[in-house]
Amino acid sequence: MSWGIKISIVYIGFVLLIVGMVLVSFNNKSELVTKDYYMQELNYQQRIDAIHNEKSLEETVTYQVTSEGISFAIPKVENSKKIEGEILLFRPSDSSKDITVKISPDTNGVQKINKSLLSKGIYKMSITWKNNNLSYYKEEVITI
């Protein structure tokens with residue numbers, strides 16, 4: 001075999017490798033965390049302030065994964081005041097399984113998300129709430 005044929009084989013192999021990589025990359029689904037990702041990045045200082053506010057609380061929102069779903073406990077101190085906010089369960093692998101729920105605890109300060117709404121896997125939980133004109137933010141990873 002001459003050196004011209006060897007160079008042609010290497011060149012064709014390289015081109016096939018690049019075409020294969022392009023096809024694989026087009027078939028992979030990549031999603032942003034939110035649709036307005038860039039706008040949220042511009043307002044990130046507010047998120048930093050909300051995280052700092054949450055860390056300064058004596059008691060914060062806690063959660064527990066149970067056989068019925070996820071139950072969130074709002075501290076008694078926070079219960080007595082008007083709380084506005086939402087719980088977002090973000091599924092990194094599939095945005096169609098994301099869940100957003102408004103915070104509305106019962107009289108005991110507990111809010112539940114039914115297991116029928118959830119799929120097995122990893123969720124990134126973010127809780128944002130306002131109380132007495134202060135914003136709070138908490139973020140954790142949950143495995144169902």
# chains A, B, ... in the order shown; residues from 1 in each chain; ligands from 1
$ residues_around --residues "stretch 50-52 of chain A" --least-positions-apart "2" --cutoff "7 Å" --atoms "only C-alpha atoms" --output "list in words"
Gln46, Arg47, Ile48, Glu54, Lys55, Ser56, Ser135, Tyr136, Tyr137 and Lys138 of chain A
$ residues_around --residues "stretch 62-67 of chain A" --least-positions-apart "2" --cutoff "12 Å" --atoms "only C-alpha atoms" --output "number ranges by chain"
A: 54, 59-60, 69-76, 87, 109-116, 118, 120, 123, 125-127, 138-144
$ closest_residue --among "A:Val15, A:Ile83, A:Leu57, A:Leu23" --to "A:Ile103" --atoms "only C-alpha atoms"
A:Ile83
$ atom_distance --atom1 "atom CA of A:Glu86" --atom2 "atom CA of A:Tyr37"
17.5 Å
$ closest_residue --among "A:Asn131, A:Ser119, A:Ser96, A:Asn108" --to "A:Glu84" --atoms "only C-alpha atoms"
A:Asn131
$ select_by_dssp --residues "chain A" --states "strand (DSSP E or B)" --output "ChimeraX atom specification"
/A:62-66,69-73,84-90,99-102,110-114,122-131,134-143
